[in-house]
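Heads up, the thing below is written out as structure tokens.
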Amino acid sequence: MSQRLITWIDQRFPLTAFIKHALTHYPTPRNLSYWWNFGFLAGFLLLLQIISGVFLAMHYKPDVDLAFDSVQHIMREVNYGWLIRYLHSTGASAFFAVIFIHMARTLYYGSYRAPRELMWWSGQVLLILLMASAFMGYLLPWGQMSFWGAQVITSLFGATPLIGDEIVLWLRGDFVVGDATLNRFFALHYLVPFFIVGMVLIHLMALHHVKSSNPSGINLADKDNIPFHPYFTAKDLFGLGVFLIIFCGFVFFAPEFFIEAANNTPANPLRTPPHIVPEWYFLPFYAILRAIPDALGGVVAMTLSILIFAAMPFLDRSRIPGGARFRPLYRVVFYIFVVDVAVLAYVGSQPPGGVIFQIDVAATVIYFAVFLTLPFYSRWEERWLRARGLPPALQALLDSDTELRPRRETRQ
Amino acid sequence: MKLRALICVLLCAASTAWAENALKDVDLDSSPAALRRGAVTVTSRCLSCHSVKYLHYRDLLKLDFSREEVMSMGNLESALLALTPAEVSEQAYGRVPPDLSLLAKAREGGPRYIYTLLTGFYQDQTGEINNHLYPGIRMPDILGWSGADSTQRAALAIQANEAAAFLMWAADPRADERKSLGYYTIAYLALLTGLLYLVKRKVWARLK
Amino acid sequence: MAAMGVVEDQAMAESDEVDEERRDFLLTATGTVGVVGVAAACWPFISSMNPTLDVQAQAATDVDLSGMAAGATRTVAWRGKPVFVVHRTPEQIAAMAQSEGGRDPAPDQTRVRDARWLVVVGICTHLGCVPNKTESGWLCPCHGSVYDNSGRILHGPAPRNLEVPPYHFAAPDKIVIG
């Protein structure tokens with residue numbers, strides 16, 4: 001590319017300045033581990049979902065009489081239609097897996113803390129948009145699981161006091177999930193990704209302003225920052241390669257792993273399948289819904305279980321940096337939480353009743369207790385760590401951190 | 001490690017609830033010849049009441065039937081529709097017999113379900129024909145399993161096996177294409193990832 | 001920022017010539033493999049926009065010619081396209097045999113299998129309108145292209161004669177298009 005062309009563009013658009021800001025001169029902590037790869041992977045999956053989704057939309061028909069047939073048409077008659085559909089359906093599950101790991105990393109290393117609260121909250125909005133998009137997309141194949149999943153989830157809004165029934169009717173545009181519902185879900189499933197892209201841009205702008213957190217949890221001196229390109233482009237692309245091998249393993253060799261068997265039967269509004277479960281990524285939240293025997297209470301608990309992540313910057317009162325790395329108690333609680341979510345996921349996949357219900361209640365209580373007791377044990381943990389004397393590695397890090405030192409000295 | 005364990009648990013949870021215990025173990029014979037024999041069984045027996053509507057007769061050409069053989073079964077362009085009109089079947093059996101195109105994917109256990117169902121017929125004390133897998137089934141014992149002796153049953157079991165294999169193929173006719181493309185894709189990705197690893201190591205070596 | 005520059009400079013100084021060459025080769029090889037992969041990954045998406053298998057398989061259209069009097073014209077659909085089937089009169093046959101057509105000359109016998117029956121795709125070769133039948137052939141309503149009774153362009157903007165689809169006589173009074 002000729003220098004003249006670049007100069008011509010630069011006088012009219014900050015191309016070089018942008019590349020410098022975002023890539024070649026974007027300072028990135030050199031100690032980032034592979035856990036920091038997942039944001040990039042999420043971006044890749046967003047792109048993959050949009051592209052494969054657009055091509056599926058060229059063949060899909062959002063009509064109760066045609067939807068199921070059109071998916072089979074895609075699978076059997078469209079050139080590489082099976083590949084595009086399996087990329088999209090597997091991509092949805094991969095997207096959630098990647099996002100959950102991305103969130104877990106943030107929780108483990110305390111990356112949600114100042115000054116990254118807005119990144120955490122924009123990520124929270126992204127999670128909700130992703131869930132909405134996934135939920136509406138799941139209706140489109142118009143199988144039995146699609147239909148009854150949508151029927152159950154839209155019914156949840158019926159728990160709203162006073163106007164519940166009206167809201168459900170309005171959401172569906174019909175007395176049951178029907179043609180109107182399918183059409184609007186298709187329209188919205190196509191729309192929501194625009195919002196996701198917009199929110200991702202905000203997420204990235206905030207990132208480029210506050211820069212990446214890192215495993216030590218404190219701002220590194222300049223000498224420990226390296227430019228994003230070529231170091232992290234190389235690292236992220238390698239991570240993408242590993243991810244794609246696993247992803248393509250599912251797409252080509254176990255594409256139906258994430259598709260419920262019952263969804264290969266066309267939707268039948270007169271007959272519920274014997275055992276309906278949501279997609280795996282909704283299972284923990286679904287379990288929390290079922291743990292509360294009251295309809296409204298269940299819905300509130302489920303909503304809170306998602307929204308409560310946003311409160312993390314307020315709930316975590318510890319000033320010890322590095323998240324779980326330098327905080328033994330927080331680390332234990334983090335692992336308890338991860339196991340608890342896994343238990344909830346398992347419970348959510350099981351038919352309700354008996355022991356399952358008791359485990360469900362216990363796991364739900366633990367889930368919320370982890371968040372609600374955080375202000376207390378995080379403060380206690382800080383006092384305990386300081387009384388015991390900070391580990392030398394952490395002390396050295398703290399001494400080298402320009403932002404933390406004055407504050408610490410005034411306290412002492 | 002813990003996170004990987006979480007994902008594993010989540011994935012396993014999604015695939016639970018397999019009510020497969022009642023299903024017979026069967027080694028599905030998916031050789032081309034077996035699929036062709038299965039196709040003949042299904043088109044000659046099952047199609048009297050069931051449809052396989054997402055399959056067209058032209059699709060059978062992919063199983064290496066000759067054009068004449070397929071044209072003797074039906075018009076290349078038509079779907080494999082049931083010979084008995086749906087209303088008549090509904091009157092006779094109480095419900096429209098389900099379409100078989102996706103049956104091998106729609107039932108837990110897949111083709112094993114089909115095999116177990118076909119070989120699960122028996123005559124109960126009252127002389128009525130019933131089914132172990134699906135008590136109270138309205139479908140007749142199409143292979144004549146319940147009245148067959150053990151030597152006949154050996155032949156019938158093969159027939160049921162081939163029919164189940166064919167229906168698995170019908171549910172996923174692109175499986176072979178998918179897998180062969182998958183090997184190339186994974187091989188390519190392994191090469192690319194290996195190269196990317198070398199690039200990453202080389203680039204990062206500059207920092208040390 | 002300044003410190004990052006220093007790191008870069010140091011790195012540059014440390015790596016010797018041979019190393020640089022190897023790195024360049026590695027980068028070129030990886031870049032090439034990557035670009036090939038991305039290009040290959042585009043193909044399924046591009047291919048998915050081509051006609052689907054069921055559309056491609058819409059092979060043949062049967063036309064029953066019995067009951068069509070001399071001079072009669074029928075329009076049948078073949079792969080969604082209109083196809084004109086004309087039972088030409090002896091006078092028309094004679095007139096066409098003497099003419100070579102206009103802009104795109106072709107003898108009449110190369111355009112028919114049986115001189116009595118003319119089978120052409122009824123889509124104007126100009127911009128795709130369907131021409132209307134006239135006494136002497138066809139007139140395209142869009143831009144006035146005029147075709148004769150052999151489907152050959154006489155004048156108007158159309159560049160080529162009306163296309164003759166693949167067809168054969170399955171019986172004396174039955175043709176199969178496709």
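In the structure tokens, each chain is lettered A, B, ... as it comes, each chain's residues begin at 1, and ligands are numbered from 1 in order of appearance.
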
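Neighbours of A:Leu126 closer than or equal to 10 Å, with only C-alpha atoms counted and sequence neighbours fewer than 2 positions away skipped, come out as A:Ile99, A:Trp120, A:Trp121, A:Ser122, A:Gly123, A:Gln124, A:Ile128, A:Leu129, A:Leu130, A:Met131, A:Ala132, A:Pro193, A:Phe195, A:Ile196, A:Val197, A:Gly198, A:Met199, A:Val200, A:His203.
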
Non-local contacts of stretch 27-33 of chain A (7 Å; only C-alpha atoms; under 4 positions in same chain excluded) as an mmCIF file with N, CA, C and O atoms, in the first residue's frame:
```cif
data_model
loop_
_atom_site.group_PDB
_atom_site.id
_atom_site.type_symbol
_atom_site.label_atom_id
_atom_site.label_comp_id
_atom_site.auth_asym_id
_atom_site.auth_seq_id
_atom_site.Cartn_x
_atom_site.Cartn_y
_atom_site.Cartn_z
ATOM 1 N N SER A 212 -6.625 -3.514 29.850
ATOM 2 C CA SER A 212 -6.913 -4.819 30.439
ATOM 3 C C SER A 212 -6.481 -4.873 31.899
ATOM 4 O O SER A 212 -5.478 -4.270 32.271
ATOM 5 N N ASN A 214 -5.135 -7.581 34.860
ATOM 6 C CA ASN A 214 -4.164 -8.664 34.688
ATOM 7 C C ASN A 214 -4.138 -9.485 35.963
ATOM 8 O O ASN A 214 -4.695 -9.084 36.985
ATOM 9 N N PRO A 215 -3.509 -10.657 35.920
ATOM 10 C CA PRO A 215 -3.597 -11.566 37.062
ATOM 11 C C PRO A 215 -3.126 -10.952 38.381
ATOM 12 O O PRO A 215 -3.544 -11.403 39.454
ATOM 13 N N LEU A 220 0.113 -2.128 36.120
ATOM 14 C CA LEU A 220 1.522 -2.442 35.967
ATOM 15 C C LEU A 220 2.286 -1.200 35.516
ATOM 16 O O LEU A 220 1.733 -0.320 34.867
ATOM 17 N N ASP A 224 6.144 -3.250 32.049
ATOM 18 C CA ASP A 224 5.491 -4.548 32.000
ATOM 19 C C ASP A 224 4.358 -4.594 30.982
ATOM 20 O O ASP A 224 3.651 -5.583 30.883
ATOM 21 N N ASN A 225 4.196 -3.482 30.256
ATOM 22 C CA ASN A 225 3.190 -3.488 29.197
ATOM 23 C C ASN A 225 3.872 -3.712 27.856
ATOM 24 O O ASN A 225 4.961 -3.205 27.611
ATOM 25 N N ILE A 226 3.205 -4.479 27.023
ATOM 26 C CA ILE A 226 3.726 -4.707 25.681
ATOM 27 C C ILE A 226 2.616 -4.350 24.702
ATOM 28 O O ILE A 226 1.430 -4.369 25.070
ATOM 29 N N PRO A 227 2.956 -4.028 23.446
ATOM 30 C CA PRO A 227 1.903 -3.667 22.491
ATOM 31 C C PRO A 227 1.022 -4.872 22.175
ATOM 32 O O PRO A 227 1.503 -6.008 22.120
ATOM 33 N N PHE A 228 -0.259 -4.604 21.984
ATOM 34 C CA PHE A 228 -1.197 -5.696 21.687
ATOM 35 C C PHE A 228 -0.751 -6.449 20.438
ATOM 36 O O PHE A 228 -0.723 -7.672 20.411
#
```

With chain C as the partner and 12 Å as the cut-off, tabulate the residues of chain B that qualify, each row holding the nearest pair of atoms and their distance in Å to one decimal, using only C-alpha atoms, sorted by chain and rising number, as JSON lines.
```
{"residue": "B:Tyr54", "atom": "CA", "partner": "C:Asp54", "partner_atom": "CA", "distance": 11.2}
{"residue": "B:Leu55", "atom": "CA", "partner": "C:Asp54", "partner_atom": "CA", "distance": 10.9}
{"residue": "B:His56", "atom": "CA", "partner": "C:Asp54", "partner_atom": "CA", "distance": 9.3}
{"residue": "B:Tyr57", "atom": "CA", "partner": "C:Ala57", "partner_atom": "CA", "distance": 11.5}
{"residue": "B:Arg58", "atom": "CA", "partner": "C:Ala57", "partner_atom": "CA", "distance": 8.6}
{"residue": "B:Asp59", "atom": "CA", "partner": "C:Leu53", "partner_atom": "CA", "distance": 10.1}
{"residue": "B:Leu76", "atom": "CA", "partner": "C:Ala57", "partner_atom": "CA", "distance": 9.2}
{"residue": "B:Glu77", "atom": "CA", "partner": "C:Ala57", "partner_atom": "CA", "distance": 7.6}
{"residue": "B:Ser78", "atom": "CA", "partner": "C:Asp54", "partner_atom": "CA", "distance": 10.6}
{"residue": "B:Ala79", "atom": "CA", "partner": "C:Asp54", "partner_atom": "CA", "distance": 11.0}
{"residue": "B:Leu181", "atom": "CA", "partner": "C:Pro44", "partner_atom": "CA", "distance": 11.4}
{"residue": "B:Tyr184", "atom": "CA", "partner": "C:Gly37", "partner_atom": "CA", "distance": 11.2}
{"residue": "B:Thr185", "atom": "CA", "partner": "C:Gly37", "partner_atom": "CA", "distance": 9.1}
{"residue": "B:Ile186", "atom": "CA", "partner": "C:Gly37", "partner_atom": "CA", "distance": 11.5}
{"residue": "B:Ala187", "atom": "CA", "partner": "C:Gly37", "partner_atom": "CA", "distance": 11.5}
{"residue": "B:Tyr188", "atom": "CA", "partner": "C:Gly37", "partner_atom": "CA", "distance": 7.9}
{"residue": "B:Leu189", "atom": "CA", "partner": "C:Gly37", "partner_atom": "CA", "distance": 8.6}
{"residue": "B:Ala190", "atom": "CA", "partner": "C:Val33", "partner_atom": "CA", "distance": 11.3}
{"residue": "B:Leu191", "atom": "CA", "partner": "C:Val33", "partner_atom": "CA", "distance": 8.5}
{"residue": "B:Leu192", "atom": "CA", "partner": "C:Val33", "partner_atom": "CA", "distance": 6.6}
{"residue": "B:Thr193", "atom": "CA", "partner": "C:Thr30", "partner_atom": "CA", "distance": 9.1}
{"residue": "B:Gly194", "atom": "CA", "partner": "C:Thr30", "partner_atom": "CA", "distance": 9.2}
{"residue": "B:Leu195", "atom": "CA", "partner": "C:Thr30", "partner_atom": "CA", "distance": 5.8}
{"residue": "B:Leu196", "atom": "CA", "partner": "C:Thr30", "partner_atom": "CA", "distance": 6.7}
{"residue": "B:Tyr197", "atom": "CA", "partner": "C:Thr30", "partner_atom": "CA", "distance": 9.9}
{"residue": "B:Leu198", "atom": "CA", "partner": "C:Leu26", "partner_atom": "CA", "distance": 7.8}
{"residue": "B:Val199", "atom": "CA", "partner": "C:Leu27", "partner_atom": "CA", "distance": 6.7}
{"residue": "B:Lys200", "atom": "CA", "partner": "C:Leu27", "partner_atom": "CA", "distance": 10.0}
{"residue": "B:Arg201", "atom": "CA", "partner": "C:Arg23", "partner_atom": "CA", "distance": 10.4}
{"residue": "B:Lys202", "atom": "CA", "partner": "C:Arg23", "partner_atom": "CA", "distance": 7.0}
{"residue": "B:Val203", "atom": "CA", "partner": "C:Arg23", "partner_atom": "CA", "distance": 8.3}
{"residue": "B:Trp204", "atom": "CA", "partner": "C:Ala11", "partner_atom": "CA", "distance": 9.6}
{"residue": "B:Ala205", "atom": "CA", "partner": "C:Ala11", "partner_atom": "CA", "distance": 8.5}
{"residue": "B:Arg206", "atom": "CA", "partner": "C:Ala11", "partner_atom": "CA", "distance": 4.8}
{"residue": "B:Leu207", "atom": "CA", "partner": "C:Ala11", "partner_atom": "CA", "distance": 6.1}
{"residue": "B:Lys208", "atom": "CA", "partner": "C:Ala11", "partner_atom": "CA", "distance": 8.0}
```

Deliver the residues from the most recent selection as a file, using N, CA and C atoms, as a compact mmCIF listing (two decimals), in the first residue's frame.
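Contents of the output file part.txt:
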```txt
# COMPACT_ATOMS: atom_id res chain seq x y z
N TYR B 54 -39.42 -36.13 4.07
CA TYR B 54 -38.29 -35.26 3.74
C TYR B 54 -37.31 -35.95 2.80
N LEU B 55 -37.61 -37.18 2.45
CA LEU B 55 -36.78 -37.91 1.49
C LEU B 55 -37.53 -37.97 0.16
N HIS B 56 -36.82 -37.77 -0.94
CA HIS B 56 -37.40 -37.96 -2.27
C HIS B 56 -36.83 -39.24 -2.84
N TYR B 57 -37.55 -39.81 -3.78
CA TYR B 57 -37.03 -41.05 -4.39
C TYR B 57 -35.67 -40.80 -5.03
N ARG B 58 -35.47 -39.56 -5.57
CA ARG B 58 -34.16 -39.28 -6.17
C ARG B 58 -33.03 -39.38 -5.15
N ASP B 59 -33.35 -39.14 -3.86
CA ASP B 59 -32.31 -39.23 -2.83
C ASP B 59 -31.77 -40.66 -2.71
N LEU B 76 -39.12 -40.12 -9.34
CA LEU B 76 -37.89 -39.55 -8.77
C LEU B 76 -38.16 -38.27 -7.99
N GLU B 77 -39.10 -37.49 -8.49
CA GLU B 77 -39.30 -36.17 -7.89
C GLU B 77 -40.24 -36.19 -6.70
N SER B 78 -40.96 -37.29 -6.49
CA SER B 78 -41.91 -37.23 -5.38
C SER B 78 -41.26 -37.66 -4.08
N ALA B 79 -41.83 -37.14 -3.00
CA ALA B 79 -41.36 -37.52 -1.67
C ALA B 79 -41.86 -38.92 -1.37
N LEU B 181 -15.73 -34.15 5.30
CA LEU B 181 -15.31 -32.75 5.31
C LEU B 181 -14.70 -32.40 6.67
N TYR B 184 -10.95 -33.29 6.91
CA TYR B 184 -10.11 -32.31 6.23
C TYR B 184 -10.01 -31.02 7.05
N THR B 185 -11.17 -30.60 7.58
CA THR B 185 -11.19 -29.33 8.32
C THR B 185 -10.30 -29.41 9.55
N ILE B 186 -10.45 -30.52 10.29
CA ILE B 186 -9.66 -30.64 11.52
C ILE B 186 -8.18 -30.75 11.18
N ALA B 187 -7.85 -31.50 10.11
CA ALA B 187 -6.45 -31.62 9.72
C ALA B 187 -5.90 -30.24 9.37
N TYR B 188 -6.67 -29.48 8.61
CA TYR B 188 -6.23 -28.13 8.25
C TYR B 188 -6.05 -27.28 9.50
N LEU B 189 -7.02 -27.34 10.40
CA LEU B 189 -6.94 -26.50 11.61
C LEU B 189 -5.75 -26.90 12.47
N ALA B 190 -5.45 -28.20 12.51
CA ALA B 190 -4.30 -28.65 13.29
C ALA B 190 -3.03 -28.05 12.70
N LEU B 191 -2.92 -28.06 11.38
CA LEU B 191 -1.76 -27.46 10.72
C LEU B 191 -1.68 -25.97 11.04
N LEU B 192 -2.79 -25.27 10.84
CA LEU B 192 -2.79 -23.82 11.06
C LEU B 192 -2.46 -23.49 12.51
N THR B 193 -3.08 -24.26 13.43
CA THR B 193 -2.84 -23.98 14.84
C THR B 193 -1.38 -24.24 15.22
N GLY B 194 -0.82 -25.31 14.64
CA GLY B 194 0.60 -25.58 14.87
C GLY B 194 1.45 -24.41 14.41
N LEU B 195 1.17 -23.93 13.21
CA LEU B 195 1.91 -22.78 12.68
C LEU B 195 1.73 -21.56 13.57
N LEU B 196 0.47 -21.34 13.99
CA LEU B 196 0.20 -20.18 14.84
C LEU B 196 0.95 -20.29 16.17
N TYR B 197 1.07 -21.53 16.63
CA TYR B 197 1.81 -21.71 17.88
C TYR B 197 3.27 -21.31 17.68
N LEU B 198 3.86 -21.74 16.56
CA LEU B 198 5.25 -21.38 16.28
C LEU B 198 5.40 -19.87 16.15
N VAL B 199 4.45 -19.25 15.47
CA VAL B 199 4.50 -17.79 15.31
C VAL B 199 4.43 -17.12 16.67
N LYS B 200 3.50 -17.60 17.48
CA LYS B 200 3.32 -17.00 18.81
C LYS B 200 4.63 -17.12 19.62
N ARG B 201 5.21 -18.33 19.58
CA ARG B 201 6.43 -18.55 20.35
C ARG B 201 7.56 -17.66 19.84
N LYS B 202 7.63 -17.57 18.52
CA LYS B 202 8.69 -16.78 17.89
C LYS B 202 8.53 -15.30 18.26
N VAL B 203 7.28 -14.82 18.16
CA VAL B 203 7.04 -13.41 18.46
C VAL B 203 7.35 -13.11 19.92
N TRP B 204 6.93 -14.00 20.81
CA TRP B 204 7.12 -13.75 22.24
C TRP B 204 8.58 -13.93 22.65
N ALA B 205 9.33 -14.69 21.85
CA ALA B 205 10.73 -14.91 22.17
C ALA B 205 11.49 -13.58 22.17
N ARG B 206 10.97 -12.63 21.40
CA ARG B 206 11.63 -11.33 21.33
C ARG B 206 11.65 -10.62 22.68
N LEU B 207 10.75 -11.00 23.57
CA LEU B 207 10.63 -10.29 24.85
C LEU B 207 11.65 -10.77 25.86
N LYS B 208 12.18 -12.00 25.64
CA LYS B 208 13.02 -12.56 26.70
C LYS B 208 14.44 -12.02 26.64
```

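Nearest to chain A of all the residues C:Ser48, C:Leu65, C:Tyr167, C:Ile93 is C:Ser48, based on only C-alpha atoms.
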
Select from chain A every residue with an atom at most 12 Å from any atom of chain C, then for each give the shortest pair of atoms and their distance in Å to one decimal, using only C-alpha atoms, rows by chain and rising number, as JSON lines.
```
{"residue": "A:Lys20", "atom": "CA", "partner": "C:Met1", "partner_atom": "CA", "distance": 11.4}
{"residue": "A:His21", "atom": "CA", "partner": "C:Met1", "partner_atom": "CA", "distance": 11.1}
{"residue": "A:Thr24", "atom": "CA", "partner": "C:Met4", "partner_atom": "CA", "distance": 10.3}
{"residue": "A:His25", "atom": "CA", "partner": "C:Met1", "partner_atom": "CA", "distance": 7.5}
{"residue": "A:Tyr26", "atom": "CA", "partner": "C:Met1", "partner_atom": "CA", "distance": 8.8}
{"residue": "A:Pro27", "atom": "CA", "partner": "C:Met1", "partner_atom": "CA", "distance": 7.3}
{"residue": "A:Thr28", "atom": "CA", "partner": "C:Met4", "partner_atom": "CA", "distance": 9.9}
{"residue": "A:Pro29", "atom": "CA", "partner": "C:Met4", "partner_atom": "CA", "distance": 10.9}
{"residue": "A:Arg30", "atom": "CA", "partner": "C:Met4", "partner_atom": "CA", "distance": 10.8}
{"residue": "A:Leu48", "atom": "CA", "partner": "C:Ala41", "partner_atom": "CA", "distance": 11.2}
{"residue": "A:Ile51", "atom": "CA", "partner": "C:Phe45", "partner_atom": "CA", "distance": 8.7}
{"residue": "A:Ser52", "atom": "CA", "partner": "C:Phe45", "partner_atom": "CA", "distance": 7.9}
{"residue": "A:Gly53", "atom": "CA", "partner": "C:Phe45", "partner_atom": "CA", "distance": 10.8}
{"residue": "A:Val54", "atom": "CA", "partner": "C:Phe45", "partner_atom": "CA", "distance": 9.9}
{"residue": "A:Phe55", "atom": "CA", "partner": "C:Phe45", "partner_atom": "CA", "distance": 6.9}
{"residue": "A:Leu56", "atom": "CA", "partner": "C:Ser48", "partner_atom": "CA", "distance": 9.0}
{"residue": "A:Ala57", "atom": "CA", "partner": "C:Met49", "partner_atom": "CA", "distance": 11.3}
{"residue": "A:Met58", "atom": "CA", "partner": "C:Met49", "partner_atom": "CA", "distance": 8.1}
{"residue": "A:His59", "atom": "CA", "partner": "C:Met49", "partner_atom": "CA", "distance": 9.0}
{"residue": "A:His73", "atom": "CA", "partner": "C:Thr52", "partner_atom": "CA", "distance": 8.9}
{"residue": "A:Ile74", "atom": "CA", "partner": "C:Thr52", "partner_atom": "CA", "distance": 8.8}
{"residue": "A:Met75", "atom": "CA", "partner": "C:Thr52", "partner_atom": "CA", "distance": 10.8}
{"residue": "A:Arg76", "atom": "CA", "partner": "C:Leu53", "partner_atom": "CA", "distance": 8.2}
{"residue": "A:Glu77", "atom": "CA", "partner": "C:Leu53", "partner_atom": "CA", "distance": 4.8}
{"residue": "A:Val78", "atom": "CA", "partner": "C:Thr52", "partner_atom": "CA", "distance": 4.6}
{"residue": "A:Asn79", "atom": "CA", "partner": "C:Ser48", "partner_atom": "CA", "distance": 4.6}
{"residue": "A:Tyr80", "atom": "CA", "partner": "C:Pro44", "partner_atom": "CA", "distance": 5.5}
{"residue": "A:Gly81", "atom": "CA", "partner": "C:Ser48", "partner_atom": "CA", "distance": 6.3}
{"residue": "A:Trp82", "atom": "CA", "partner": "C:Ser48", "partner_atom": "CA", "distance": 9.9}
{"residue": "A:Leu83", "atom": "CA", "partner": "C:Pro44", "partner_atom": "CA", "distance": 7.8}
{"residue": "A:Ile84", "atom": "CA", "partner": "C:Phe45", "partner_atom": "CA", "distance": 7.4}
{"residue": "A:Arg85", "atom": "CA", "partner": "C:Phe45", "partner_atom": "CA", "distance": 10.9}
{"residue": "A:Leu87", "atom": "CA", "partner": "C:Pro44", "partner_atom": "CA", "distance": 11.3}
{"residue": "A:Ala221", "atom": "CA", "partner": "C:Ala3", "partner_atom": "CA", "distance": 9.3}
{"residue": "A:Asp222", "atom": "CA", "partner": "C:Ala3", "partner_atom": "CA", "distance": 5.9}
{"residue": "A:Lys223", "atom": "CA", "partner": "C:Ala3", "partner_atom": "CA", "distance": 5.3}
{"residue": "A:Asp224", "atom": "CA", "partner": "C:Met4", "partner_atom": "CA", "distance": 8.3}
{"residue": "A:Asn225", "atom": "CA", "partner": "C:Met4", "partner_atom": "CA", "distance": 6.6}
{"residue": "A:Ile226", "atom": "CA", "partner": "C:Met4", "partner_atom": "CA", "distance": 5.7}
{"residue": "A:Pro227", "atom": "CA", "partner": "C:Met4", "partner_atom": "CA", "distance": 6.9}
{"residue": "A:Phe228", "atom": "CA", "partner": "C:Met4", "partner_atom": "CA", "distance": 10.7}
{"residue": "A:His229", "atom": "CA", "partner": "C:Glu8", "partner_atom": "CA", "distance": 11.4}
{"residue": "A:Pro230", "atom": "CA", "partner": "C:Glu8", "partner_atom": "CA", "distance": 10.7}
{"residue": "A:Tyr231", "atom": "CA", "partner": "C:Glu8", "partner_atom": "CA", "distance": 11.0}
{"residue": "A:Ala234", "atom": "CA", "partner": "C:Leu27", "partner_atom": "CA", "distance": 10.4}
{"residue": "A:Leu237", "atom": "CA", "partner": "C:Gly34", "partner_atom": "CA", "distance": 10.3}
{"residue": "A:Phe238", "atom": "CA", "partner": "C:Thr30", "partner_atom": "CA", "distance": 11.1}
{"residue": "A:Leu240", "atom": "CA", "partner": "C:Gly34", "partner_atom": "CA", "distance": 12.0}
{"residue": "A:Gly241", "atom": "CA", "partner": "C:Gly34", "partner_atom": "CA", "distance": 10.3}
```

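Among B:Asp27, B:Asp176, B:Glu87, B:Asp64, the residue with the shortest atom-to-atom distance to chain A, counting only C-alpha atoms, is B:Asp176.
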
Define the interface residues of chain A facing chain B as those within 9 Å, counting only C-alpha atoms, and report them as a ChimeraX atom specification. /A:69,72-73,75-76,82-83,97,101,104,226,230-235,237-242,244-246,248-249,251-253,256-258,260-265,275,277-281,283,335,338-339,341-343,345-351

Could you find all residues in stretch 22-141 of chain B that DSSP calls strand (DSSP E or B) from the backbone, and write them as a VMD selection string? chain B and resid 52 to 56 79 to 80 121 to 123 129 to 131

Let's have the selection written as a PDB file, in the first residue's frame, with N, CA and C atoms.
```
ATOM      1  N   VAL B  52     -42.104 -40.856   4.688  1.00  0.00           N
ATOM      2  CA  VAL B  52     -40.727 -40.429   4.973  1.00  0.00           C
ATOM      3  C   VAL B  52     -40.561 -39.164   4.135  1.00  0.00           C
ATOM      4  N   LYS B  53     -41.341 -38.126   4.509  1.00  0.00           N
ATOM      5  CA  LYS B  53     -41.633 -37.069   3.540  1.00  0.00           C
ATOM      6  C   LYS B  53     -40.456 -36.155   3.224  1.00  0.00           C
ATOM      7  N   TYR B  54     -39.421 -36.129   4.068  1.00  0.00           N
ATOM      8  CA  TYR B  54     -38.292 -35.257   3.739  1.00  0.00           C
ATOM      9  C   TYR B  54     -37.308 -35.946   2.800  1.00  0.00           C
ATOM     10  N   LEU B  55     -37.614 -37.177   2.445  1.00  0.00           N
ATOM     11  CA  LEU B  55     -36.783 -37.909   1.489  1.00  0.00           C
ATOM     12  C   LEU B  55     -37.534 -37.973   0.161  1.00  0.00           C
ATOM     13  N   HIS B  56     -36.824 -37.772  -0.941  1.00  0.00           N
ATOM     14  CA  HIS B  56     -37.399 -37.956  -2.268  1.00  0.00           C
ATOM     15  C   HIS B  56     -36.829 -39.245  -2.838  1.00  0.00           C
ATOM     16  N   ALA B  79     -41.827 -37.140  -2.996  1.00  0.00           N
ATOM     17  CA  ALA B  79     -41.361 -37.516  -1.670  1.00  0.00           C
ATOM     18  C   ALA B  79     -41.859 -38.923  -1.365  1.00  0.00           C
ATOM     19  N   LEU B  80     -41.260 -39.559  -0.352  1.00  0.00           N
ATOM     20  CA  LEU B  80     -41.713 -40.896   0.052  1.00  0.00           C
ATOM     21  C   LEU B  80     -42.950 -40.715   0.935  1.00  0.00           C
ATOM     22  N   PHE B 121     -42.341 -57.006  19.613  1.00  0.00           N
ATOM     23  CA  PHE B 121     -43.730 -57.474  19.611  1.00  0.00           C
ATOM     24  C   PHE B 121     -43.836 -58.855  20.245  1.00  0.00           C
ATOM     25  N   TYR B 122     -44.915 -59.083  20.958  1.00  0.00           N
ATOM     26  CA  TYR B 122     -45.156 -60.407  21.555  1.00  0.00           C
ATOM     27  C   TYR B 122     -46.659 -60.609  21.698  1.00  0.00           C
ATOM     28  N   GLN B 123     -47.018 -61.861  21.890  1.00  0.00           N
ATOM     29  CA  GLN B 123     -48.436 -62.187  22.070  1.00  0.00           C
ATOM     30  C   GLN B 123     -48.701 -62.366  23.554  1.00  0.00           C
ATOM     31  N   ILE B 129     -51.677 -58.883  20.358  1.00  0.00           N
ATOM     32  CA  ILE B 129     -50.295 -58.533  20.055  1.00  0.00           C
ATOM     33  C   ILE B 129     -49.957 -57.229  20.785  1.00  0.00           C
ATOM     34  N   ASN B 130     -48.863 -57.262  21.529  1.00  0.00           N
ATOM     35  CA  ASN B 130     -48.465 -56.071  22.261  1.00  0.00           C
ATOM     36  C   ASN B 130     -46.977 -55.831  22.038  1.00  0.00           C
ATOM     37  N   ASN B 131     -46.468 -54.753  22.611  1.00  0.00           N
ATOM     38  CA  ASN B 131     -45.053 -54.423  22.390  1.00  0.00           C
ATOM     39  C   ASN B 131     -44.380 -54.109  23.715  1.00  0.00           C
TER      40      ASN B 131
END
```
